[in-house]
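Data block below; observations after.
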Amino acid sequence: MNREQHLKQAIDALAQAEKLAGWAENAARGDGPHKAAPYAAAGTLWDSIARTHLLIAEATRAVDATPED
């Protein structure tokens, strides 16, 4: 994957994390509090995936910016 692909994957993963966080919040406030923890855990996983893609994209940028000898 190149840098742009990693950035797109990060954006997609953040969208999933945001959606799941919303579901967790709604479940916690509604009649399904037993569902809140699994939604929150899945959202945390997607957040971690997004951060990983961002770190890889940053590392790729750093490698691309390194001058060759």
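Residues are referred to by chain and number: the chain letter is A, B, ... according to the order shown in the structure tokens, the number counts from 1 in that chain, and ligands are numbered separately from 1 in the order shown.
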Near Asn2 of chain A, within 10 Å and counting only C-alpha atoms, which residues show up once chain neighbours fewer than 5 positions away are dropped, as an MDAnalysis selection string? chainID A and resid 7 56:57 60:61
Quick one: write out the picked residues with C-alpha atoms as a JSON list (two decimals), in the first residue's frame?
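Output contents, as saved in again.json:
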```
[["chain", "number", "residue", "atom", "x", "y", "z"],
["A", 7, "LEU", "CA", -4.65, 7.54, 4.67],
["A", 56, "ILE", "CA", 2.35, 3.81, 8.53],
["A", 57, "ALA", "CA", 1.39, 6.74, 6.30],
["A", 60, "THR", "CA", 6.02, 6.29, 4.44],
["A", 61, "ARG", "CA", 6.14, 10.08, 4.12]]
```
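Proximity to Gly22 of chain A at 12 Å, evaluated using only C-alpha atoms and with sequence-adjacent residues fewer than 2 positions away removed, yields Ala15, Gln16, Ala17, Glu18, Lys19, Leu20, Ala24, Glu25, Asn26, Ala27, Ala28, Arg29, Gly30, Lys35, Ala36, Ala37, Tyr39, Ala40, Ala42 and Gly43 of chain A.
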Which residue gives the smallest distance to Leu14 of chain A among A:Trp46, A:Met1, A:Ala41, A:His34, with only C-alpha atoms counted? A:Trp46
